[in-house]
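The file run-v5.txt contains compact mmCIF, N, CA and C atoms:
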# COMPACT_ATOMS: atom_id res chain seq x y z
N MET B 181 -0.58 3.96 19.62
CA MET B 181 -1.80 3.22 19.32
C MET B 181 -2.39 2.74 20.65
N THR B 182 -3.62 3.14 20.89
CA THR B 182 -4.25 2.71 22.13
C THR B 182 -4.64 1.24 22.06
N LEU B 183 -4.87 0.66 23.21
CA LEU B 183 -5.17 -0.76 23.28
C LEU B 183 -6.46 -1.11 22.55
N THR B 184 -7.51 -0.29 22.73
CA THR B 184 -8.79 -0.58 22.08
C THR B 184 -8.67 -0.44 20.57
N LYS B 185 -8.01 0.63 20.15
CA LYS B 185 -7.83 0.84 18.71
C LYS B 185 -7.01 -0.30 18.11
N SER B 186 -5.98 -0.72 18.80
CA SER B 186 -5.16 -1.83 18.33
C SER B 186 -5.98 -3.10 18.20
N LYS B 187 -6.84 -3.34 19.18
CA LYS B 187 -7.68 -4.54 19.16
C LYS B 187 -8.55 -4.56 17.91
N TYR B 188 -9.19 -3.43 17.62
CA TYR B 188 -10.07 -3.38 16.45
C TYR B 188 -9.28 -3.41 15.14
N TYR B 189 -8.12 -2.79 15.12
CA TYR B 189 -7.29 -2.83 13.90
C TYR B 189 -6.84 -4.25 13.61
N PHE B 190 -6.37 -4.95 14.63
CA PHE B 190 -5.89 -6.32 14.43
C PHE B 190 -7.04 -7.27 14.10
N GLU B 191 -8.21 -7.00 14.65
CA GLU B 191 -9.38 -7.79 14.30
C GLU B 191 -9.74 -7.58 12.83
N ALA B 192 -9.67 -6.34 12.37
CA ALA B 192 -9.94 -6.04 10.96
C ALA B 192 -8.91 -6.71 10.06
N LEU B 193 -7.65 -6.62 10.45
CA LEU B 193 -6.57 -7.22 9.68
C LEU B 193 -6.71 -8.74 9.62
N ASP B 194 -7.16 -9.33 10.73
CA ASP B 194 -7.36 -10.78 10.79
C ASP B 194 -8.49 -11.23 9.86
N ASN B 195 -9.51 -10.40 9.71
CA ASN B 195 -10.66 -10.76 8.87
C ASN B 195 -10.45 -10.43 7.39
N TYR B 196 -9.42 -9.64 7.08
CA TYR B 196 -9.18 -9.26 5.69
C TYR B 196 -8.40 -10.35 4.98
N PRO B 197 -8.73 -10.76 3.80
CA PRO B 197 -9.85 -10.44 2.92
C PRO B 197 -10.99 -11.45 2.99
N TYR B 198 -10.97 -12.33 3.98
CA TYR B 198 -11.89 -13.47 3.99
C TYR B 198 -13.29 -13.12 4.47
N SER B 199 -13.40 -12.16 5.36
CA SER B 199 -14.71 -11.76 5.88
C SER B 199 -14.79 -10.24 5.87
N LEU B 200 -15.12 -9.70 4.72
CA LEU B 200 -15.13 -8.24 4.57
C LEU B 200 -16.14 -7.55 5.49
N PRO B 201 -17.34 -8.09 5.70
CA PRO B 201 -18.24 -7.39 6.62
C PRO B 201 -17.66 -7.26 8.03
N ASN B 202 -17.06 -8.32 8.55
CA ASN B 202 -16.43 -8.25 9.87
C ASN B 202 -15.21 -7.33 9.86
N CYS B 203 -14.48 -7.37 8.78
CA CYS B 203 -13.30 -6.52 8.63
C CYS B 203 -13.72 -5.05 8.65
N LEU B 204 -14.72 -4.70 7.86
CA LEU B 204 -15.16 -3.31 7.79
C LEU B 204 -15.74 -2.83 9.11
N GLU B 205 -16.46 -3.70 9.80
CA GLU B 205 -17.02 -3.31 11.10
C GLU B 205 -15.90 -2.98 12.09
N ALA B 206 -14.92 -3.86 12.18
CA ALA B 206 -13.80 -3.62 13.10
C ALA B 206 -12.98 -2.41 12.67
N LEU B 207 -12.81 -2.24 11.38
CA LEU B 207 -12.03 -1.12 10.87
C LEU B 207 -12.72 0.21 11.14
N ASN B 208 -14.04 0.24 11.01
CA ASN B 208 -14.78 1.46 11.33
C ASN B 208 -14.67 1.80 12.81
N TYR B 209 -14.68 0.78 13.66
CA TYR B 209 -14.47 1.02 15.09
C TYR B 209 -13.06 1.59 15.33
N ALA B 210 -12.07 1.00 14.70
CA ALA B 210 -10.69 1.48 14.88
C ALA B 210 -10.56 2.93 14.42
N LEU B 211 -11.18 3.25 13.28
CA LEU B 211 -11.08 4.62 12.77
C LEU B 211 -11.91 5.60 13.61
N SER B 212 -12.94 5.10 14.28
CA SER B 212 -13.71 5.99 15.15
C SER B 212 -12.89 6.37 16.40
N TYR B 213 -12.02 5.47 16.85
CA TYR B 213 -11.15 5.78 17.98
C TYR B 213 -10.02 6.73 17.57
N ASP B 214 -9.49 6.53 16.39
CA ASP B 214 -8.42 7.41 15.89
C ASP B 214 -8.54 7.54 14.38
N PRO B 215 -9.20 8.61 13.90
CA PRO B 215 -9.40 8.77 12.45
C PRO B 215 -8.10 9.06 11.68
N GLU B 216 -6.99 9.25 12.40
CA GLU B 216 -5.73 9.54 11.74
C GLU B 216 -4.73 8.39 11.87
N ASP B 217 -5.21 7.19 12.14
CA ASP B 217 -4.33 6.03 12.26
C ASP B 217 -3.93 5.56 10.86
N ALA B 218 -2.66 5.65 10.55
CA ALA B 218 -2.17 5.35 9.20
C ALA B 218 -2.40 3.90 8.81
N ASP B 219 -2.23 2.97 9.74
CA ASP B 219 -2.42 1.56 9.42
C ASP B 219 -3.88 1.26 9.08
N SER B 220 -4.80 1.83 9.84
CA SER B 220 -6.23 1.61 9.57
C SER B 220 -6.64 2.25 8.24
N LEU B 221 -6.13 3.45 7.98
CA LEU B 221 -6.43 4.12 6.71
C LEU B 221 -5.85 3.33 5.53
N CYS B 222 -4.67 2.77 5.73
CA CYS B 222 -4.04 1.96 4.68
C CYS B 222 -4.88 0.72 4.40
N LEU B 223 -5.37 0.06 5.43
CA LEU B 223 -6.19 -1.12 5.24
C LEU B 223 -7.50 -0.77 4.53
N MET B 224 -8.07 0.38 4.86
CA MET B 224 -9.29 0.83 4.16
C MET B 224 -8.97 1.09 2.68
N GLY B 225 -7.82 1.66 2.42
CA GLY B 225 -7.39 1.87 1.04
C GLY B 225 -7.21 0.56 0.30
N ARG B 226 -6.67 -0.44 0.98
CA ARG B 226 -6.52 -1.77 0.37
C ARG B 226 -7.86 -2.38 0.02
N ILE B 227 -8.84 -2.20 0.89
CA ILE B 227 -10.18 -2.74 0.63
C ILE B 227 -10.75 -2.11 -0.63
N TYR B 228 -10.64 -0.79 -0.74
CA TYR B 228 -11.16 -0.12 -1.92
C TYR B 228 -10.37 -0.47 -3.17
N SER B 229 -9.08 -0.64 -3.04
CA SER B 229 -8.23 -0.93 -4.19
C SER B 229 -8.33 -2.38 -4.64
N GLU B 230 -8.16 -3.31 -3.71
CA GLU B 230 -8.05 -4.73 -4.06
C GLU B 230 -9.39 -5.44 -4.17
N MET B 231 -10.36 -5.03 -3.37
CA MET B 231 -11.64 -5.74 -3.35
C MET B 231 -12.73 -5.03 -4.16
N LEU B 232 -12.83 -3.72 -3.96
CA LEU B 232 -13.91 -2.98 -4.60
C LEU B 232 -13.50 -2.35 -5.93
N ILE B 233 -12.24 -2.39 -6.25
CA ILE B 233 -11.67 -1.83 -7.50
C ILE B 233 -12.12 -0.37 -7.70
N ASP B 234 -12.11 0.38 -6.61
CA ASP B 234 -12.40 1.81 -6.66
C ASP B 234 -11.10 2.54 -6.35
N TYR B 235 -10.27 2.71 -7.38
CA TYR B 235 -8.92 3.22 -7.19
C TYR B 235 -8.90 4.67 -6.72
N GLU B 236 -9.82 5.48 -7.18
CA GLU B 236 -9.82 6.89 -6.79
C GLU B 236 -10.10 7.03 -5.29
N LYS B 237 -11.06 6.29 -4.77
CA LYS B 237 -11.37 6.33 -3.34
C LYS B 237 -10.20 5.74 -2.54
N ALA B 238 -9.61 4.68 -3.08
CA ALA B 238 -8.46 4.06 -2.42
C ALA B 238 -7.30 5.04 -2.33
N LYS B 239 -7.06 5.78 -3.41
CA LYS B 239 -5.97 6.75 -3.41
C LYS B 239 -6.18 7.81 -2.33
N LEU B 240 -7.42 8.20 -2.10
CA LEU B 240 -7.70 9.19 -1.05
C LEU B 240 -7.32 8.65 0.32
N TYR B 241 -7.65 7.38 0.57
CA TYR B 241 -7.29 6.77 1.86
C TYR B 241 -5.78 6.63 2.00
N PHE B 242 -5.11 6.20 0.94
CA PHE B 242 -3.65 6.06 1.01
C PHE B 242 -2.98 7.42 1.23
N GLU B 243 -3.44 8.44 0.52
CA GLU B 243 -2.86 9.78 0.68
C GLU B 243 -3.07 10.30 2.09
N GLU B 244 -4.25 10.05 2.64
CA GLU B 244 -4.52 10.48 4.01
C GLU B 244 -3.63 9.73 4.99
N ALA B 245 -3.41 8.45 4.74
CA ALA B 245 -2.53 7.65 5.61
C ALA B 245 -1.11 8.20 5.58
N ILE B 246 -0.65 8.58 4.41
CA ILE B 246 0.70 9.13 4.30
C ILE B 246 0.79 10.49 4.98
N GLN B 247 -0.26 11.29 4.86
CA GLN B 247 -0.26 12.59 5.53
C GLN B 247 -0.26 12.44 7.05
N CYS B 248 -0.95 11.43 7.55
CA CYS B 248 -1.03 11.22 8.99
C CYS B 248 0.27 10.68 9.56
N ASN B 249 0.95 9.82 8.81
CA ASN B 249 2.21 9.25 9.28
C ASN B 249 3.09 8.97 8.06
N ILE B 250 3.95 9.90 7.77
CA ILE B 250 4.79 9.80 6.56
C ILE B 250 5.83 8.69 6.68
N THR B 251 6.11 8.24 7.89
CA THR B 251 7.14 7.21 8.08
C THR B 251 6.55 5.80 8.16
N ASN B 252 5.25 5.65 7.96
CA ASN B 252 4.62 4.33 8.01
C ASN B 252 5.17 3.46 6.89
N LEU B 253 5.63 2.28 7.23
CA LEU B 253 6.28 1.40 6.25
C LEU B 253 5.29 0.54 5.47
N ASN B 254 4.05 0.40 5.94
CA ASN B 254 3.06 -0.43 5.25
C ASN B 254 2.43 0.28 4.06
N THR B 255 2.17 1.55 4.20
CA THR B 255 1.38 2.29 3.22
C THR B 255 2.01 2.34 1.83
N PRO B 256 3.30 2.65 1.67
CA PRO B 256 3.84 2.82 0.32
C PRO B 256 3.69 1.62 -0.60
N GLN B 257 3.92 0.41 -0.11
CA GLN B 257 3.87 -0.74 -1.01
C GLN B 257 2.46 -0.96 -1.57
N TYR B 258 1.44 -0.74 -0.74
CA TYR B 258 0.06 -0.92 -1.22
C TYR B 258 -0.39 0.26 -2.07
N TYR B 259 0.08 1.44 -1.73
CA TYR B 259 -0.26 2.63 -2.50
C TYR B 259 0.35 2.55 -3.90
N ILE B 260 1.58 2.08 -3.99
CA ILE B 260 2.23 1.93 -5.30
C ILE B 260 1.46 0.93 -6.15
N ARG B 261 1.04 -0.16 -5.55
CA ARG B 261 0.27 -1.17 -6.30
C ARG B 261 -1.04 -0.57 -6.82
N CYS B 262 -1.70 0.21 -6.00
CA CYS B 262 -2.94 0.88 -6.41
C CYS B 262 -2.67 1.84 -7.58
N LEU B 263 -1.58 2.59 -7.50
CA LEU B 263 -1.24 3.53 -8.57
C LEU B 263 -0.93 2.79 -9.87
N LEU B 264 -0.22 1.68 -9.77
CA LEU B 264 0.09 0.89 -10.97
C LEU B 264 -1.18 0.30 -11.58
N ASP B 265 -2.07 -0.20 -10.75
CA ASP B 265 -3.33 -0.76 -11.24
C ASP B 265 -4.19 0.30 -11.90
N ASN B 266 -4.10 1.53 -11.40
CA ASN B 266 -4.90 2.63 -11.94
C ASN B 266 -4.19 3.34 -13.09
N GLU B 267 -3.00 2.87 -13.45
CA GLU B 267 -2.19 3.43 -14.52
C GLU B 267 -1.77 4.88 -14.28
N ASP B 268 -1.55 5.22 -13.02
CA ASP B 268 -0.96 6.51 -12.65
C ASP B 268 0.55 6.30 -12.54
N LEU B 269 1.19 6.15 -13.69
CA LEU B 269 2.57 5.69 -13.71
C LEU B 269 3.57 6.73 -13.19
N GLU B 270 3.36 8.00 -13.51
CA GLU B 270 4.29 9.03 -13.03
C GLU B 270 4.23 9.14 -11.51
N GLU B 271 3.01 9.11 -10.98
CA GLU B 271 2.83 9.17 -9.54
C GLU B 271 3.44 7.94 -8.86
N ALA B 272 3.27 6.78 -9.49
CA ALA B 272 3.84 5.55 -8.95
C ALA B 272 5.37 5.62 -8.93
N GLU B 273 5.93 6.17 -9.98
CA GLU B 273 7.39 6.28 -10.05
C GLU B 273 7.92 7.19 -8.94
N LYS B 274 7.23 8.29 -8.68
CA LYS B 274 7.65 9.19 -7.60
C LYS B 274 7.56 8.50 -6.24
N MET B 275 6.49 7.75 -6.04
CA MET B 275 6.32 7.05 -4.77
C MET B 275 7.36 5.94 -4.60
N ILE B 276 7.72 5.28 -5.69
CA ILE B 276 8.76 4.25 -5.64
C ILE B 276 10.09 4.87 -5.22
N GLU B 277 10.45 5.97 -5.86
CA GLU B 277 11.72 6.63 -5.54
C GLU B 277 11.74 7.12 -4.09
N TYR B 278 10.62 7.66 -3.63
CA TYR B 278 10.53 8.09 -2.23
C TYR B 278 10.65 6.89 -1.29
N SER B 279 9.97 5.81 -1.62
CA SER B 279 9.94 4.62 -0.76
C SER B 279 11.31 3.98 -0.63
N LEU B 280 12.07 3.99 -1.70
CA LEU B 280 13.40 3.38 -1.65
C LEU B 280 14.35 4.13 -0.71
N LYS B 281 14.01 5.37 -0.39
CA LYS B 281 14.83 6.15 0.53
C LYS B 281 14.41 5.96 1.99
N MET B 282 13.28 5.28 2.21
CA MET B 282 12.79 5.09 3.58
C MET B 282 13.61 4.04 4.30
N LYS B 283 13.97 4.35 5.51
CA LYS B 283 14.76 3.44 6.33
C LYS B 283 13.86 2.34 6.87
N GLY B 284 14.23 1.08 6.66
CA GLY B 284 13.51 -0.05 7.21
C GLY B 284 12.45 -0.64 6.31
N ILE B 285 12.18 -0.04 5.17
CA ILE B 285 11.14 -0.56 4.28
C ILE B 285 11.66 -1.79 3.54
N ASP B 286 10.76 -2.65 3.12
CA ASP B 286 11.13 -3.85 2.37
C ASP B 286 11.47 -3.44 0.94
N LYS B 287 12.73 -3.14 0.71
CA LYS B 287 13.17 -2.63 -0.60
C LYS B 287 12.98 -3.66 -1.71
N CYS B 288 13.02 -4.92 -1.36
CA CYS B 288 12.82 -5.98 -2.34
C CYS B 288 11.46 -5.84 -3.01
N ARG B 289 10.41 -5.67 -2.20
CA ARG B 289 9.05 -5.53 -2.75
C ARG B 289 8.92 -4.26 -3.59
N ILE B 290 9.54 -3.19 -3.13
CA ILE B 290 9.46 -1.92 -3.85
C ILE B 290 10.18 -2.04 -5.20
N LEU B 291 11.31 -2.72 -5.22
CA LEU B 291 12.05 -2.90 -6.48
C LEU B 291 11.28 -3.79 -7.45
N ILE B 292 10.57 -4.77 -6.94
CA ILE B 292 9.74 -5.61 -7.81
C ILE B 292 8.63 -4.76 -8.44
N GLN B 293 8.08 -3.84 -7.66
CA GLN B 293 7.06 -2.95 -8.22
C GLN B 293 7.67 -1.98 -9.23
N LYS B 294 8.91 -1.58 -9.01
CA LYS B 294 9.59 -0.73 -9.99
C LYS B 294 9.79 -1.51 -11.28
N SER B 295 10.14 -2.76 -11.16
CA SER B 295 10.28 -3.61 -12.34
C SER B 295 8.95 -3.74 -13.08
N LEU B 296 7.89 -3.90 -12.33
CA LEU B 296 6.54 -3.98 -12.91
C LEU B 296 6.18 -2.69 -13.63
N LEU B 297 6.58 -1.56 -13.06
CA LEU B 297 6.35 -0.26 -13.70
C LEU B 297 7.00 -0.21 -15.08
N PHE B 298 8.24 -0.67 -15.17
CA PHE B 298 8.93 -0.70 -16.47
C PHE B 298 8.25 -1.67 -17.43
N GLU B 299 7.77 -2.78 -16.92
CA GLU B 299 7.05 -3.73 -17.79
C GLU B 299 5.77 -3.12 -18.35
N ILE B 300 5.05 -2.39 -17.52
CA ILE B 300 3.83 -1.73 -17.98
C ILE B 300 4.15 -0.73 -19.09
N ARG B 301 5.30 -0.08 -18.96
CA ARG B 301 5.73 0.89 -19.98
C ARG B 301 6.38 0.20 -21.19
N LEU B 302 6.42 -1.11 -21.17
CA LEU B 302 7.02 -1.94 -22.23
C LEU B 302 8.52 -1.70 -22.37
N GLU B 303 9.18 -1.37 -21.28
CA GLU B 303 10.62 -1.18 -21.25
C GLU B 303 11.24 -2.41 -20.56
N TYR B 304 11.25 -3.51 -21.29
CA TYR B 304 11.61 -4.79 -20.68
C TYR B 304 13.06 -4.86 -20.25
N LYS B 305 13.96 -4.26 -21.00
CA LYS B 305 15.38 -4.31 -20.60
C LYS B 305 15.61 -3.52 -19.33
N LYS B 306 14.92 -2.38 -19.18
CA LYS B 306 15.04 -1.60 -17.96
C LYS B 306 14.44 -2.35 -16.77
N ALA B 307 13.46 -3.19 -17.03
CA ALA B 307 12.77 -3.91 -15.95
C ALA B 307 13.68 -4.95 -15.31
N LEU B 308 14.70 -5.40 -16.03
CA LEU B 308 15.58 -6.44 -15.49
C LEU B 308 16.47 -5.93 -14.35
N ALA B 309 16.93 -4.68 -14.44
CA ALA B 309 17.86 -4.16 -13.42
C ALA B 309 17.24 -4.13 -12.02
N PRO B 310 16.05 -3.53 -11.83
CA PRO B 310 15.50 -3.56 -10.47
C PRO B 310 15.13 -4.97 -10.01
N PHE B 311 14.75 -5.81 -10.95
CA PHE B 311 14.41 -7.19 -10.59
C PHE B 311 15.64 -7.93 -10.08
N LYS B 312 16.77 -7.78 -10.77
CA LYS B 312 18.01 -8.43 -10.34
C LYS B 312 18.48 -7.88 -9.00
N ARG B 313 18.30 -6.55 -8.83
CA ARG B 313 18.68 -5.94 -7.56
C ARG B 313 17.81 -6.46 -6.41
N SER B 314 16.55 -6.69 -6.71
CA SER B 314 15.64 -7.22 -5.67
C SER B 314 16.01 -8.66 -5.32
N GLN B 315 16.48 -9.42 -6.31
CA GLN B 315 16.92 -10.79 -6.00
C GLN B 315 18.10 -10.78 -5.05
N ASN B 316 19.01 -9.86 -5.23
CA ASN B 316 20.17 -9.76 -4.34
C ASN B 316 19.76 -9.38 -2.93
N LEU B 317 18.74 -8.51 -2.82
CA LEU B 317 18.27 -8.10 -1.49
C LEU B 317 17.53 -9.23 -0.79
N CYS B 318 16.87 -10.08 -1.57
CA CYS B 318 16.14 -11.19 -0.96
C CYS B 318 17.09 -12.20 -0.33
N LEU B 319 18.22 -12.38 -0.94
CA LEU B 319 19.19 -13.35 -0.43
C LEU B 319 19.96 -12.75 0.71

Let's see the structure in the file written out as structure tokens.
Amino acid sequence: MTLTKSKYYFEALDNYPYSLPNCLEALNYALSYDPEDADSLCLMGRIYSEMLIDYEKAKLYFEEAIQCNITNLNTPQYYIRCLLDNEDLEEAEKMIEYSLKMKGIDKCRILIQKSLLFEIRLEYKKALAPFKRSQNLCL
């Protein structure tokens, strides 16, 4: 990550979600320096998913972020949330299973999302196992 790109990415991250115009301006600068920066693409996906509720466009940004850097630890947790919100449950389940195999990822958050997946499917008893496992990881 170059110094200028980092500056604009961190500026965008600092402004998210409180000042979206400033966030988007800085993020566009960051992406103009490196259009394949996974962190910047992930943040753009978050904006479309969490703020604009445009899940299809958000999914495109998250998928591009994963293609650019498959080992990025930030992208999976936000991408899974977007998939769950958009009710793409099979895709979310695949991403959860992949994410749990990633070294260094926050497994607690991923397991909570797995529990949420089971709740959405109305499988409440199955939802307890990943939730209890996430509690153990938190401690």

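You will find atom N of Ala218 (chain B) at 13.8 Å from atom N of Leu240 (chain B).
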
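In this structure, CA of Ser279 (chain B) sits 23.5 Å away from CA of Ile233 (chain B).
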
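Straight-line separation from CA of Tyr188 (chain B) to atom C of Met275 (chain B): 28.9 Å.
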
> Which residues come within 8 Å of Gln247 (chain B), counting all atoms listed in the file, excluding same-chain residues fewer than 4 positions away, as number ranges by chain?
Replying inline: B: 216, 218, 241-243, 251

>> Env of region 303-307 of chain B: 10 Å cut, atoms = only C-alpha atoms, seq-sep filter 4 positions within chain, self excluded. Answer as a PyMOL selection string.
In response: chain B and resi 291-299+311-312

Store the residues picked out above in a file with N, CA and C atoms, as a PDB file, in the coordinates of the input.
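Written file, out.pdb:
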ATOM      1  N   LEU B 291      11.310  -2.720  -5.220  1.00  0.00           N
ATOM      2  CA  LEU B 291      12.050  -2.900  -6.480  1.00  0.00           C
ATOM      3  C   LEU B 291      11.280  -3.790  -7.450  1.00  0.00           C
ATOM      4  N   ILE B 292      10.570  -4.770  -6.940  1.00  0.00           N
ATOM      5  CA  ILE B 292       9.740  -5.610  -7.810  1.00  0.00           C
ATOM      6  C   ILE B 292       8.630  -4.760  -8.440  1.00  0.00           C
ATOM      7  N   GLN B 293       8.080  -3.840  -7.660  1.00  0.00           N
ATOM      8  CA  GLN B 293       7.060  -2.950  -8.220  1.00  0.00           C
ATOM      9  C   GLN B 293       7.670  -1.980  -9.230  1.00  0.00           C
ATOM     10  N   LYS B 294       8.910  -1.580  -9.010  1.00  0.00           N
ATOM     11  CA  LYS B 294       9.590  -0.730  -9.990  1.00  0.00           C
ATOM     12  C   LYS B 294       9.790  -1.510 -11.280  1.00  0.00           C
ATOM     13  N   SER B 295      10.140  -2.760 -11.160  1.00  0.00           N
ATOM     14  CA  SER B 295      10.280  -3.610 -12.340  1.00  0.00           C
ATOM     15  C   SER B 295       8.950  -3.740 -13.080  1.00  0.00           C
ATOM     16  N   LEU B 296       7.890  -3.900 -12.330  1.00  0.00           N
ATOM     17  CA  LEU B 296       6.540  -3.980 -12.910  1.00  0.00           C
ATOM     18  C   LEU B 296       6.180  -2.690 -13.630  1.00  0.00           C
ATOM     19  N   LEU B 297       6.580  -1.560 -13.060  1.00  0.00           N
ATOM     20  CA  LEU B 297       6.350  -0.260 -13.700  1.00  0.00           C
ATOM     21  C   LEU B 297       7.000  -0.210 -15.080  1.00  0.00           C
ATOM     22  N   PHE B 298       8.240  -0.670 -15.170  1.00  0.00           N
ATOM     23  CA  PHE B 298       8.930  -0.700 -16.470  1.00  0.00           C
ATOM     24  C   PHE B 298       8.250  -1.670 -17.430  1.00  0.00           C
ATOM     25  N   GLU B 299       7.770  -2.780 -16.920  1.00  0.00           N
ATOM     26  CA  GLU B 299       7.050  -3.730 -17.790  1.00  0.00           C
ATOM     27  C   GLU B 299       5.770  -3.120 -18.350  1.00  0.00           C
ATOM     28  N   PHE B 311      14.750  -5.810 -10.950  1.00  0.00           N
ATOM     29  CA  PHE B 311      14.410  -7.190 -10.590  1.00  0.00           C
ATOM     30  C   PHE B 311      15.640  -7.930 -10.080  1.00  0.00           C
ATOM     31  N   LYS B 312      16.770  -7.780 -10.770  1.00  0.00           N
ATOM     32  CA  LYS B 312      18.010  -8.430 -10.340  1.00  0.00           C
ATOM     33  C   LYS B 312      18.480  -7.880  -9.000  1.00  0.00           C
TER      34      LYS B 312
END

>> Give me, as a PyMOL selection string, the residues of chain B that a backbone DSSP run labels helix (DSSP H, G or I).
In response: chain B and resi 183-195+200-213+218-231+235-248+255-265+269-280+287-300+304-318

Region 254-263 of chain B: axis-aligned bounding box, 5 Å on each side, centre and edge lengths in Å, one decimal, as JSON:
{"center_x": 0.6, "center_y": 1.2, "center_z": -2.0, "size_x": 17.0, "size_y": 14.7, "size_z": 25.8}

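Nearest to Asp234 (chain B) of all the residues B:Asp286, B:Asp265, B:Glu205, B:Glu277 is B:Asp265, based on only C-alpha atoms.
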
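The nearest approach to Tyr258 (chain B) among the residues B:Ser220, B:Glu236, B:Arg226, B:Ile300, with only N, CA and C atoms taken into account, belongs to B:Arg226.
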
>> For a quick check of understanding, using only C-alpha atoms, which of B:Lys287, B:Asn252, B:Arg301, B:Leu223 has the smallest distance to Leu317 (chain B)?
In response: B:Lys287

>> Taking only N, CA and C atoms into account, name the residue in B:Cys222, B:Cys288, B:Leu280, B:Ala272 that is nearest to Asn254 (chain B).
In response: B:Cys222

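Closest approach to Ile290 (chain B) among B:Gln257, B:Lys274, B:Asn202, B:Cys318: B:Gln257, based on only C-alpha atoms.
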
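Here the question is which of B:Arg261, B:Lys281, B:Lys185, B:Lys237 gets nearest to Asp214 (chain B) using all atoms listed in the file, and that residue is B:Lys185.
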
My structure is short of atoms at region 182-187 of chain B; please model all heavy atoms there, returning them as a short mmCIF file (atom, residue, chain, number, x, y, z; two decimals), in the frame of the given file.
data_model
loop_
_atom_site.label_atom_id
_atom_site.label_comp_id
_atom_site.auth_asym_id
_atom_site.auth_seq_id
_atom_site.Cartn_x
_atom_site.Cartn_y
_atom_site.Cartn_z
N THR B 182 -3.62 3.14 20.89
CA THR B 182 -4.25 2.71 22.13
C THR B 182 -4.64 1.24 22.06
O THR B 182 -4.76 0.68 20.97
CB THR B 182 -5.51 3.56 22.44
OG1 THR B 182 -6.46 3.31 21.40
CG2 THR B 182 -5.17 5.03 22.53
N LEU B 183 -4.87 0.66 23.21
CA LEU B 183 -5.17 -0.76 23.28
C LEU B 183 -6.46 -1.11 22.55
O LEU B 183 -6.52 -2.09 21.80
CB LEU B 183 -5.23 -1.21 24.74
CG LEU B 183 -5.36 -2.70 24.99
CD1 LEU B 183 -4.18 -3.43 24.37
CD2 LEU B 183 -5.42 -2.98 26.47
N THR B 184 -7.51 -0.29 22.73
CA THR B 184 -8.79 -0.58 22.08
C THR B 184 -8.67 -0.44 20.57
O THR B 184 -9.16 -1.28 19.83
CB THR B 184 -9.87 0.39 22.62
OG1 THR B 184 -9.89 0.31 24.04
CG2 THR B 184 -11.23 0.05 22.08
N LYS B 185 -8.01 0.63 20.15
CA LYS B 185 -7.83 0.84 18.71
C LYS B 185 -7.01 -0.30 18.11
O LYS B 185 -7.33 -0.80 17.03
CB LYS B 185 -7.15 2.19 18.48
CG LYS B 185 -6.94 2.52 17.02
CD LYS B 185 -6.25 3.83 16.85
CE LYS B 185 -4.86 3.74 17.39
NZ LYS B 185 -4.02 4.88 17.12
N SER B 186 -5.98 -0.72 18.80
CA SER B 186 -5.16 -1.83 18.33
C SER B 186 -5.98 -3.10 18.20
O SER B 186 -5.85 -3.84 17.23
CB SER B 186 -4.00 -2.11 19.29
OG SER B 186 -3.16 -1.01 19.38
N LYS B 187 -6.84 -3.34 19.18
CA LYS B 187 -7.68 -4.54 19.16
C LYS B 187 -8.55 -4.56 17.91
O LYS B 187 -8.61 -5.56 17.19
CB LYS B 187 -8.56 -4.58 20.41
CG LYS B 187 -9.58 -5.71 20.42
CD LYS B 187 -10.60 -5.48 21.53
CE LYS B 187 -11.67 -6.51 21.56
NZ LYS B 187 -12.57 -6.51 20.44
#
